[in-house]
>>> print(open('upload19.tsv').read())   # TSV, C-alpha atoms
chain	number	residue	atom	x	y	z
A	1	MET	CA	-28.01	-66.90	21.42
A	2	THR	CA	-28.69	-65.39	17.99
A	3	ARG	CA	-29.40	-66.82	14.56
A	4	ALA	CA	-28.91	-64.76	11.43
A	5	GLY	CA	-28.87	-67.43	8.70
A	6	ASP	CA	-27.30	-70.87	8.97
A	7	PHE	CA	-24.21	-71.74	6.91
A	8	ARG	CA	-23.95	-68.48	5.01
A	9	GLU	CA	-20.48	-67.46	3.82
A	10	ILE	CA	-18.78	-64.71	5.81
A	11	GLY	CA	-16.19	-62.97	3.68
A	12	HIS	CA	-12.57	-62.25	4.57
A	13	SER	CA	-12.10	-58.94	6.39
A	14	GLY	CA	-9.43	-57.86	3.92
A	15	GLY	CA	-6.11	-56.13	4.48
A	16	LYS	CA	-2.89	-55.71	2.55
A	17	TYR	CA	-0.06	-58.10	3.38
A	18	THR	CA	3.34	-56.70	2.43
A	19	LEU	CA	6.62	-58.60	2.08
A	20	THR	CA	9.54	-56.16	2.00
A	21	VAL	CA	12.95	-57.40	0.84
A	22	GLU	CA	16.03	-55.29	1.63
A	23	THR	CA	19.80	-55.65	1.40
A	24	ASP	CA	21.95	-54.10	4.13
A	25	ASP	CA	25.36	-52.44	3.84
A	26	GLN	CA	27.15	-55.77	4.21
A	27	GLY	CA	25.23	-57.26	1.32
A	28	ARG	CA	23.01	-59.42	3.51
A	29	ARG	CA	19.44	-59.80	2.32
A	30	GLY	CA	16.57	-59.89	4.69
A	31	PHE	CA	12.82	-59.47	4.67
A	32	SER	CA	10.00	-58.20	6.84
A	33	LEU	CA	6.28	-58.83	6.79
A	34	GLY	CA	3.58	-56.30	7.57
A	35	VAL	CA	-0.16	-55.90	7.35
A	36	SER	CA	-2.45	-52.90	7.06
A	37	SER	CA	-6.21	-52.57	6.86
A	38	SER	CA	-8.79	-49.85	6.32
A	39	SER	CA	-11.78	-52.16	6.41
A	40	PRO	CA	-15.04	-50.63	7.75
A	41	THR	CA	-16.07	-54.06	9.04
A	42	PRO	CA	-14.79	-55.79	12.22
A	43	HIS	CA	-11.19	-56.88	11.67
A	44	SER	CA	-8.99	-58.94	13.97
A	45	ILE	CA	-5.54	-60.40	13.36
A	46	ILE	CA	-3.53	-63.20	14.89
A	47	THR	CA	0.11	-64.01	14.17
A	48	VAL	CA	1.29	-67.56	13.60
A	49	GLN	CA	4.95	-68.50	13.60
A	50	VAL	CA	5.96	-70.66	10.59
A	51	THR	CA	9.24	-72.44	9.84
A	52	PHE	CA	10.85	-72.24	6.41
A	53	ASP	CA	9.78	-75.86	5.95
A	54	GLY	CA	6.15	-74.75	6.28
A	55	VAL	CA	5.49	-76.06	9.79
A	56	VAL	CA	3.27	-73.90	11.99
A	57	ILE	CA	4.87	-73.95	15.45
A	58	GLY	CA	2.55	-71.68	17.41
A	59	ILE	CA	0.73	-68.42	17.93
A	60	SER	CA	2.81	-65.30	18.56
A	61	GLN	CA	1.90	-62.19	20.50
A	62	LEU	CA	1.41	-59.08	18.41
A	63	GLU	CA	2.90	-56.74	20.96
A	64	TRP	CA	5.81	-57.20	23.35
A	65	ARG	CA	5.15	-56.96	27.07
A	66	PRO	CA	7.76	-57.65	29.79
A	67	ASP	CA	5.44	-60.08	31.60
A	68	LEU	CA	4.98	-62.13	28.40
A	69	ALA	CA	8.51	-61.93	27.08
A	70	ASP	CA	9.27	-65.61	27.63
A	71	GLU	CA	5.94	-66.92	26.29
A	72	GLY	CA	4.92	-67.98	22.81
A	73	PRO	CA	6.81	-70.12	20.27
A	74	ALA	CA	10.53	-69.75	19.67
A	75	GLN	CA	11.06	-67.44	16.70
A	76	ALA	CA	14.46	-68.65	15.57
A	77	GLU	CA	14.42	-70.06	12.03
A	78	SER	CA	10.79	-69.03	11.58
A	79	PHE	CA	8.79	-66.03	10.46
A	80	PRO	CA	5.38	-64.54	11.29
A	81	VAL	CA	2.27	-64.88	9.13
A	82	PHE	CA	-0.75	-62.70	9.81
A	83	ILE	CA	-4.14	-64.44	9.78
A	84	ALA	CA	-7.17	-62.16	9.57
A	85	SER	CA	-10.68	-62.73	10.83
A	86	ASP	CA	-13.85	-62.73	8.77
A	87	ARG	CA	-16.00	-59.62	8.36
A	88	GLU	CA	-17.75	-60.30	11.67
A	89	GLY	CA	-14.45	-60.33	13.58
A	90	LEU	CA	-14.49	-64.12	14.11
A	91	PHE	CA	-11.97	-66.80	13.16
A	92	GLY	CA	-12.75	-70.24	11.80
A	93	HIS	CA	-11.38	-73.32	13.56
A	94	GLN	CA	-11.26	-77.02	12.63
A	95	CYS	CA	-10.88	-79.91	15.07
A	96	ARG	CA	-8.46	-82.57	13.87
A	97	ARG	CA	-10.06	-85.22	16.10
A	98	CYS	CA	-13.81	-84.92	15.45
A	99	GLY	CA	-13.74	-82.76	12.31
A	100	SER	CA	-16.00	-80.06	13.78
A	101	TYR	CA	-15.83	-76.54	12.35
A	102	TRP	CA	-16.76	-73.45	14.37
A	103	ARG	CA	-16.03	-69.74	14.63
A	104	SER	CA	-14.91	-67.71	17.61
A	105	GLU	CA	-13.22	-64.42	18.41
A	106	SER	CA	-10.52	-66.21	20.43
A	107	PHE	CA	-7.16	-67.52	19.17
A	108	PRO	CA	-5.14	-67.52	22.42
A	109	PHE	CA	-1.44	-68.24	22.78
A	110	ARG	CA	-1.30	-68.35	26.60
A	111	TRP	CA	-3.82	-71.15	27.06
A	112	ARG	CA	-5.31	-73.96	24.99
A	113	THR	CA	-8.36	-73.78	22.73
A	114	THR	CA	-11.27	-76.18	23.33
A	115	CYS	CA	-13.26	-77.90	20.59
A	116	PRO	CA	-16.93	-77.01	21.30
A	117	ASN	CA	-18.06	-80.43	20.11
A	118	CYS	CA	-15.72	-83.08	21.54
A	119	GLY	CA	-13.93	-81.04	24.23
A	120	LEU	CA	-10.42	-81.64	22.87
A	121	LYS	CA	-7.98	-79.10	24.33
A	122	ARG	CA	-4.95	-78.30	22.21
A	123	PRO	CA	-2.74	-75.29	21.37
A	124	SER	CA	-4.70	-72.86	19.20
A	125	HIS	CA	-2.59	-73.31	16.08
A	126	GLU	CA	-3.61	-76.97	15.90
A	127	PHE	CA	-7.16	-75.82	15.07
A	128	LEU	CA	-6.24	-73.79	11.97
A	129	THR	CA	-8.55	-74.44	9.02
A	130	GLN	CA	-7.50	-75.69	5.59
A	131	GLY	CA	-8.12	-72.15	4.32
A	132	HIS	CA	-5.68	-70.74	6.87
A	133	LEU	CA	-3.07	-73.32	5.91
A	134	ALA	CA	-3.49	-72.53	2.20
A	135	PHE	CA	-2.88	-68.84	2.91
A	136	ILE	CA	0.18	-69.67	5.03
A	137	GLY	CA	1.47	-71.79	2.16
A	138	GLU	CA	1.08	-68.87	-0.25
A	139	VAL	CA	2.99	-66.51	2.04
A	140	LEU	CA	5.76	-69.11	2.46
A	141	LYS	CA	6.01	-69.51	-1.32
A	142	ARG	CA	6.37	-65.77	-1.79
A	143	VAL	CA	8.96	-65.51	0.96
A	144	LEU	CA	11.09	-68.21	-0.65
A	145	GLU	CA	10.66	-66.75	-4.13
A	146	SER	CA	11.64	-63.28	-2.93
A	147	GLN	CA	15.01	-64.61	-1.81
A	148	ASP	CA	15.83	-65.60	-5.39
A	149	GLN	CA	15.09	-62.15	-6.83
A	150	ASP	CA	17.95	-59.90	-7.91
A	151	GLU	CA	16.38	-56.69	-6.68
A	152	ASP	CA	14.95	-55.47	-3.41
A	153	GLY	CA	11.32	-54.43	-3.30
A	154	GLU	CA	7.84	-54.98	-1.94
A	155	TYR	CA	5.54	-57.87	-2.73
A	156	VAL	CA	1.88	-57.38	-1.81
A	157	ILE	CA	-1.02	-59.77	-1.27
A	158	ASP	CA	-4.00	-57.44	-1.51
A	159	MET	CA	-6.82	-59.28	0.25
A	160	ASP	CA	-8.99	-56.16	0.03
A	161	ALA	CA	-8.98	-56.32	-3.75
A	162	ILE	CA	-9.48	-60.09	-3.76
A	163	ALA	CA	-12.37	-59.86	-1.30
A	164	ASP	CA	-14.03	-57.18	-3.45
A	165	GLU	CA	-13.69	-59.38	-6.54
A	166	VAL	CA	-15.16	-62.34	-4.68
A	167	GLN	CA	-18.10	-60.18	-3.59
A	168	LYS	CA	-18.74	-59.49	-7.30
A	169	GLY	CA	-18.89	-63.22	-7.99
A	170	LYS	CA	-15.41	-63.75	-9.44
A	171	LYS	CA	-13.46	-66.92	-8.69
A	172	ALA	CA	-11.14	-66.58	-5.72
A	173	PRO	CA	-7.50	-67.72	-5.79
A	174	ASP	CA	-6.76	-70.94	-3.94
A	175	PHE	CA	-5.21	-69.14	-0.97
A	176	TYR	CA	-8.25	-66.90	-0.35
A	177	TYR	CA	-10.32	-68.10	2.59
A	178	ALA	CA	-13.74	-67.16	3.90
A	179	GLU	CA	-15.56	-68.47	6.94
A	180	THR	CA	-19.00	-70.06	7.30
A	181	ALA	CA	-21.69	-69.07	9.80
A	182	GLN	CA	-22.89	-71.96	11.94
A	183	GLN	CA	-26.17	-72.33	13.85
A	184	SER	CA	-25.76	-71.04	17.41
A	185	GLN	CA	-23.90	-67.84	18.18
A	186	PHE	CA	-23.50	-67.19	21.89
A	187	ARG	CA	-21.36	-65.15	24.25
A	188	CYS	CA	-19.89	-67.29	27.03
A	189	SER	CA	-21.38	-66.40	30.41
A	190	VAL	CA	-18.01	-66.99	32.12
A	191	CYS	CA	-15.30	-65.45	29.92
A	192	ARG	CA	-17.56	-63.35	27.62
A	193	SER	CA	-15.96	-64.66	24.44
A	194	SER	CA	-18.13	-65.00	21.30
A	195	ASN	CA	-18.66	-68.42	19.71
A	196	ASP	CA	-20.59	-69.69	16.68
A	197	ILE	CA	-21.12	-73.45	16.73
A	198	LEU	CA	-23.01	-76.22	14.94
A	199	GLY	CA	-26.14	-77.38	16.75
A	200	LYS	CA	-27.03	-75.86	20.09
A	201	TYR	CA	-25.04	-76.98	23.13
A	202	GLY	CA	-21.26	-76.91	23.26
A	203	TYR	CA	-18.10	-75.73	25.01
A	204	CYS	CA	-16.84	-72.19	24.81
A	205	SER	CA	-13.84	-72.37	22.48
A	206	CYS	CA	-11.95	-69.85	24.61
A	207	CYS	CA	-12.32	-71.11	28.19
A	208	GLY	CA	-13.97	-74.55	27.86
A	209	TYR	CA	-17.14	-73.68	29.80
A	210	ARG	CA	-20.19	-75.57	28.51
A	211	ASN	CA	-23.22	-73.45	27.64
A	212	ASN	CA	-26.10	-75.82	28.60
A	213	HIS	CA	-27.30	-73.99	31.71
A	214	GLN	CA	-26.95	-70.61	30.05
A	215	LEU	CA	-29.04	-71.60	27.03
A	216	LEU	CA	-31.60	-73.66	28.94
A	217	GLU	CA	-32.41	-70.78	31.27
A	218	ASN	CA	-33.06	-68.59	28.21
A	219	ASP	CA	-35.20	-71.30	26.59
A	220	LEU	CA	-37.32	-71.86	29.69
A	221	GLN	CA	-37.89	-68.16	30.14
A	222	SER	CA	-38.97	-67.93	26.52
A	223	GLU	CA	-41.45	-70.81	26.93
A	224	VAL	CA	-43.00	-69.24	30.02
A	225	GLY	CA	-43.30	-65.96	28.15
A	226	GLU	CA	-45.33	-67.72	25.43
A	227	LEU	CA	-48.23	-68.79	27.71
A	228	LYS	CA	-51.37	-68.24	25.67
A	229	GLY	CA	-54.92	-69.60	25.68
A	230	ALA	CA	-56.66	-72.10	27.93
A	231	SER	CA	-54.25	-74.91	27.07
A	232	GLY	CA	-51.15	-72.73	27.45
A	233	PRO	CA	-50.08	-73.98	30.90
A	234	GLU	CA	-50.42	-77.67	29.93
A	235	ARG	CA	-48.41	-77.08	26.76
A	236	ALA	CA	-45.79	-75.13	28.70
A	237	VAL	CA	-45.29	-78.00	31.16
A	238	LYS	CA	-44.57	-80.38	28.29
A	239	LEU	CA	-42.17	-77.95	26.61
A	240	LEU	CA	-40.33	-77.08	29.84
A	241	VAL	CA	-39.69	-80.72	30.74
A	242	SER	CA	-38.72	-81.52	27.14
A	243	ALA	CA	-36.14	-78.71	27.11
A	244	PHE	CA	-34.80	-79.87	30.49
A	245	ASP	CA	-34.57	-83.47	29.22
A	246	SER	CA	-32.63	-82.39	26.11
A	247	CYS	CA	-30.22	-80.23	28.13
A	248	CYS	CA	-29.46	-82.94	30.71
A	249	LYS	CA	-29.03	-85.66	28.08
A	250	ASP	CA	-26.44	-83.45	26.43
A	251	TYR	CA	-24.57	-83.07	29.75
A	252	VAL	CA	-24.51	-86.86	30.11
A	253	GLN	CA	-23.35	-87.33	26.52
A	254	ALA	CA	-20.54	-84.82	27.08
A	255	ILE	CA	-19.36	-86.68	30.21
A	256	GLU	CA	-19.65	-90.03	28.45
A	257	ARG	CA	-17.59	-88.78	25.51
A	258	ARG	CA	-14.71	-87.62	27.71
A	259	SER	CA	-14.73	-90.29	30.46
A	260	PRO	CA	-13.69	-93.97	30.34
A	261	MET	CA	-16.49	-96.32	31.40
A	262	THR	CA	-17.67	-99.87	30.84
A	263	PRO	CA	-19.94	-100.67	27.86
A	264	GLY	CA	-22.76	-101.59	30.22
A	265	ARG	CA	-22.64	-98.29	32.06
A	266	ARG	CA	-22.38	-96.40	28.78
A	267	GLN	CA	-25.52	-98.10	27.45
A	268	ALA	CA	-27.40	-97.45	30.69
A	269	LEU	CA	-26.61	-93.74	30.44
A	270	ARG	CA	-27.75	-93.59	26.84
A	271	ARG	CA	-31.13	-94.99	27.89
A	272	LEU	CA	-31.57	-92.54	30.75
A	273	LEU	CA	-34.63	-90.28	30.44
A	274	PHE	CA	-34.80	-86.94	32.21
A	275	HIS	CA	-38.58	-86.88	32.47
A	276	ASP	CA	-38.65	-89.83	34.90
A	277	PHE	CA	-38.28	-87.90	38.15
A	278	GLY	CA	-38.32	-91.06	40.22
A	279	LYS	CA	-35.11	-92.28	38.59
A	280	PHE	CA	-32.78	-89.73	37.02
A	281	PRO	CA	-31.64	-87.82	40.17
A	282	ASP	CA	-30.40	-91.06	41.78
A	283	VAL	CA	-28.68	-92.27	38.59
A	284	VAL	CA	-26.83	-89.00	38.07
A	285	ARG	CA	-25.72	-88.94	41.70
A	286	SER	CA	-24.56	-92.58	41.76
A	287	TYR	CA	-22.73	-92.36	38.42
A	288	PHE	CA	-21.17	-88.88	38.66
A	289	ASP	CA	-21.59	-87.72	42.27
A	290	ILE	CA	-23.70	-84.81	40.98
A	291	ARG	CA	-26.63	-83.87	43.22
A	292	LEU	CA	-29.38	-82.46	41.03
A	293	LEU	CA	-31.68	-81.96	44.05
A	294	LYS	CA	-29.14	-80.08	46.16
A	295	ASP	CA	-30.70	-77.22	48.19
A	296	LEU	CA	-34.25	-78.21	47.18
A	297	ARG	CA	-36.81	-78.39	50.01
A	298	PRO	CA	-38.96	-81.50	50.58
A	299	ASP	CA	-42.04	-79.67	49.26
A	300	ASP	CA	-40.06	-78.72	46.12
A	301	LYS	CA	-39.30	-82.39	45.47
A	302	THR	CA	-42.93	-83.34	46.05
A	303	PHE	CA	-44.03	-80.63	43.64
A	304	LEU	CA	-41.52	-81.70	41.00
A	305	ASN	CA	-42.69	-85.30	41.19
A	306	MET	CA	-46.29	-84.16	40.66
A	307	MET	CA	-45.39	-81.95	37.70
A	308	PHE	CA	-43.30	-84.63	35.99
A	309	GLN	CA	-46.22	-87.03	36.44
A	310	ARG	CA	-48.53	-84.39	34.96
A	311	ARG	CA	-46.25	-83.99	31.97
A	312	HIS	CA	-46.73	-87.71	31.27
A	313	VAL	CA	-50.51	-87.30	31.45
A	314	TYR	CA	-50.48	-84.26	29.15
A	315	GLU	CA	-48.18	-86.00	26.70
A	316	HIS	CA	-49.70	-89.48	26.61
A	317	ARG	CA	-53.20	-89.37	28.18
A	318	GLY	CA	-54.73	-86.25	26.71
A	319	GLY	CA	-54.62	-84.56	30.10
A	320	VAL	CA	-56.92	-87.13	31.77
A	321	ALA	CA	-55.60	-88.68	35.00
A	322	ASP	CA	-55.02	-92.43	34.86
A	323	GLN	CA	-54.36	-94.91	37.67
A	324	HIS	CA	-50.62	-94.41	37.33
A	325	TYR	CA	-50.99	-90.68	38.04
A	326	VAL	CA	-53.33	-91.20	40.98
A	327	GLU	CA	-50.94	-93.68	42.60
A	328	ARG	CA	-47.63	-91.92	41.98
A	329	SER	CA	-48.22	-88.19	41.81
A	330	GLY	CA	-49.08	-87.58	45.46
A	331	ASP	CA	-51.75	-85.19	44.18
A	332	PRO	CA	-54.86	-85.43	46.44
A	333	SER	CA	-56.85	-82.97	44.32
A	334	ILE	CA	-57.16	-85.31	41.32
A	335	ARG	CA	-59.32	-88.45	41.03
A	336	LEU	CA	-59.15	-91.19	38.40
A	337	GLY	CA	-60.60	-89.97	35.11
A	338	MET	CA	-60.45	-86.26	35.92
A	339	ALA	CA	-59.09	-83.80	33.36
A	340	ILE	CA	-56.18	-81.94	34.93
A	341	ARG	CA	-56.42	-78.17	34.64
A	342	GLU	CA	-53.01	-76.58	34.93
A	343	ASN	CA	-52.35	-73.11	36.26
A	344	VAL	CA	-49.79	-70.44	35.48
A	345	GLU	CA	-48.39	-70.39	39.03
A	346	ASN	CA	-47.36	-74.04	38.74
A	347	VAL	CA	-45.66	-73.34	35.42
A	348	HIS	CA	-43.57	-70.53	36.89
A	349	ARG	CA	-42.59	-72.62	39.91
A	350	LEU	CA	-41.68	-75.57	37.67
A	351	LYS	CA	-39.49	-73.30	35.54
A	352	GLU	CA	-37.58	-72.02	38.55
A	353	LEU	CA	-36.97	-75.51	39.92
A	354	LEU	CA	-35.81	-76.85	36.55
A	355	VAL	CA	-33.36	-73.95	36.36
A	356	LYS	CA	-32.10	-74.83	39.85
A	357	MET	CA	-31.58	-78.51	38.96
A	358	THR	CA	-29.73	-77.52	35.80
A	359	GLU	CA	-27.60	-75.12	37.83
A	360	ASN	CA	-26.68	-78.05	40.08
A	361	PHE	CA	-25.85	-80.17	37.03
A	362	ASP	CA	-23.75	-77.32	35.65
A	363	GLU	CA	-21.82	-76.97	38.90
A	364	GLY	CA	-21.15	-80.70	39.08
A	365	PHE	CA	-20.21	-80.97	35.41
A	366	HIS	CA	-17.64	-78.18	35.70
A	367	SER	CA	-16.16	-79.68	38.83
A	368	ILE	CA	-15.22	-82.58	36.51
A	369	PHE	CA	-14.29	-80.43	33.50
A	370	PRO	CA	-13.45	-76.96	34.86
A	371	PRO	CA	-13.02	-73.96	32.55
A	372	ASP	CA	-9.50	-72.65	31.99
A	373	GLU	CA	-8.70	-70.27	34.87
A	374	THR	CA	-6.23	-68.22	32.83
A	375	ALA	CA	-8.77	-67.70	30.07
A	376	VAL	CA	-11.49	-66.70	32.52
A	377	ARG	CA	-9.21	-64.26	34.32
A	378	MET	CA	-7.67	-62.63	31.26
A	379	MET	CA	-10.85	-62.46	29.19
A	380	GLY	CA	-12.74	-61.17	32.20
A	381	ASP	CA	-10.18	-58.39	32.64
A	382	HIS	CA	-10.44	-57.62	28.92
A	383	SER	CA	-14.25	-57.42	29.11
A	384	LYS	CA	-14.08	-55.05	32.06
A	385	ARG	CA	-11.65	-52.77	30.25
A	386	HIS	CA	-13.79	-52.69	27.10
A	387	GLY	CA	-17.22	-52.76	28.72
A	388	ALA	CA	-18.26	-56.04	27.06
>>> encode(input="upload19.tsv", output="C-alpha cells")
Amino acid sequence: MTRAGDFREIGHSGGKYTLTVETDDQGRRGFSLGVSSSSPTPHSIITVQVTFDGVVIGISQLEWRPDLADEGPAQAESFPVFIASDREGLFGHQCRRCGSYWRSESFPFRWRTTCPNCGLKRPSHEFLTQGHLAFIGEVLKRVLESQDQDEDGEYVIDMDAIADEVQKGKKAPDFYYAETAQQSQFRCSVCRSSNDILGKYGYCSCCGYRNNHQLLENDLQSEVGELKGASGPERAVKLLVSAFDSCCKDYVQAIERRSPMTPGRRQALRRLLFHDFGKFPDVVRSYFDIRLLKDLRPDDKTFLNMMFQRRHVYEHRGGVADQHYVERSGDPSIRLGMAIRENVENVHRLKELLVKMTENFDEGFHSIFPPDETAVRMMGDHSKRHGA
C-alpha cells in the first residue's frame, strides 16, 4: 500500500477525440468517432456504448476477438464514446448505493465491478462518475449537432489542449473531468489489479477480493521491524493486537453489511472485541462458521491467551501483573505485582500467529463472498503476459 498525498487532483490523461462526418455516394450521411493520444503519462481508454437518447447501455470491447464476438452491449441504435483514464492510468468510479468514490485500473465488460466500500456488484458502466457522464453528454451533443450541418468535416474535442490549460490554472469547461487520489493505493494480491480507495480496508474493485489479510500482514511486519529500546517488545504487543482487532472488526462489519440478521445479533457483533481471546474465536465460529484457530496447536492457543492477557496488562496496568492476569494467563513465571518483561521472541511468535488467525478469517470470509473467478483468471493471465 502506498500513500502519495490524500485527495490531490489527478489530471486527465489527454487525447484528441475526433468526430468525422461523411456523406456516401447515395447521399446518406454517417459519422465515425476516433481517439488519438501522444501523452507521455500513463493513458488507458475504455469504450462505452451510448444511445441517441443519452442512455449508457454498457462497456464495449476495443478490439474484436472471435471468442468475445457475442459479448458486450448491443450496438444497434447506439454509438461508442471513449473514456480516458487520469494521468496515473486509473479511472474514477462512483457507487450509486453508498456514494463512495474510488479509482482503479479496471473497467471490465465481461464481469461485474465491485464497490470497495459496500460490496455492491454491478455492471461497470453503472459506476461511471458525474464527470464521465458530463463528457458523454458533450459528445452526444456534438454528434446530434453534426447531423444538422450542411457540410461534411471533422469536429475535435482536444483534451490535450484543455488539460494543458487546466494545468496553467484556467477554468475547465463543464465536460472536462479529472480524478481525485484517495488514501490507500494497493495492488490486489489475487488479481493484481490496482485500486485507490478511501480509508484502509476494502474490496478490490476488479475481482471483489477484500484486502484485510494482505494489509494486516504488511502492518504487522512493519511493527515488528520497529522494535526499539527496552520497552519496544511491550509496545509491539499492544500495537500488534490493536492492528489485529481493527482488521477483524472490519471483516465483521463487512459481513454484517452484506448479510441479513436480527437486530440483536447485529448489536452483539458490533460490541465484539478482538482482544478478548477467551471470547472472540467462539463468537466468530458460532455466528459465521469461521474457525480462527484452525490448524493451531494447543501450545499456540495457550501462548496466544497469555499474550492477549499481557496486552491488557501493558495497556491498562502499566505492565504490572494484577490478580486477573495471574488467574487467567496460565503464566507460571509471573507472580502478583511483578512487572512483566517482554522479549523479542514472543513478539515474533505473536505476529506469526496473528497472521495465521487472519488468514483463517480471510479464507472463511471469501467462502461467503468469493472473488469473481473470471476476473481472477483473466487478470492473472494478463499479469503473467505483462510481468506484473
>>> residues_around(input="upload19.tsv", residues="Glu105 in chain A", least_positions_apart="6", cutoff="7 Å", atoms="only C-alpha atoms", output="number ranges by chain")
A: 89-91, 193-195
>>> closest_residue(input="upload19.tsv", among="A:Pro173, A:Met306, A:Glu165, A:Ala181", to="Pro332 in chain A", atoms="only C-alpha atoms")
A:Met306
>>> atom_distance(input="upload19.tsv", atom1="CA of Pro40 in chain A", atom2="CA of Lys170 in chain A")
21.6 Å
>>> closest_residue(input="upload19.tsv", among="A:Gly232, A:Pro42, A:Gly225, A:Pro123", to="Arg87 in chain A", atoms="all atoms listed in the file")
A:Pro42
>>> residues_around(input="upload19.tsv", residues="Asp219 in chain A", least_positions_apart="4", cutoff="8 Å", atoms="all atoms listed in the file", output="ChimeraX atom specification")
/A:215,223,243
>>> closest_atom_pairs(input="upload19.tsv", of="range 26-126 of chain A", to="range 184-187 of chain A", cutoff="10 Å", atoms="all atoms listed in the file", output="Markdown table")
| residue | atom | partner | partner_atom | distance |
| --- | --- | --- | --- | --- |
| A:Trp102 | CA | A:Ser184 | CA | 9.8 |
| A:Arg103 | CA | A:Gln185 | CA | 8.8 |
| A:Ser104 | CA | A:Gln185 | CA | 9.0 |
>>> atom_distance(input="upload19.tsv", atom1="CA of Arg235 in chain A", atom2="CA of Lys301 in chain A")
21.5 Å
>>> closest_residue(input="upload19.tsv", among="A:Leu216, A:Cys207, A:Ala161, A:Met357", to="Thr114 in chain A", atoms="only C-alpha atoms")
A:Cys207
>>> residues_around(input="upload19.tsv", residues="range 55-58 of chain A", least_positions_apart="3", cutoff="12 Å", atoms="only C-alpha atoms", output="number ranges by chain")
A: 46-52, 61, 71-81, 107-112, 122-128, 132-134, 136-137, 140
>>> atom_distance(input="upload19.tsv", atom1="CA of Leu304 in chain A", atom2="CA of Phe365 in chain A")
22.0 Å
>>> closest_residue(input="upload19.tsv", among="A:Glu226, A:Arg328, A:Val320, A:Asn360", to="Pro281 in chain A", atoms="all atoms listed in the file")
A:Asn360
>>> residues_around(input="upload19.tsv", residues="Ala236 in chain A", least_positions_apart="4", cutoff="10 Å", atoms="only C-alpha atoms", output="list in words")
Leu220, Glu223, Val224, Gly225, Glu226, Leu227, Lys228, Ser231, Gly232, Leu240, Val241, Ser242, Arg311, Glu342, Val344, Val347, His348, Leu350 and Lys351 of chain A
>>> closest_residue(input="upload19.tsv", among="A:Arg341, A:Cys98, A:Leu19, A:Asp53", to="Arg257 in chain A", atoms="all atoms listed in the file")
A:Cys98
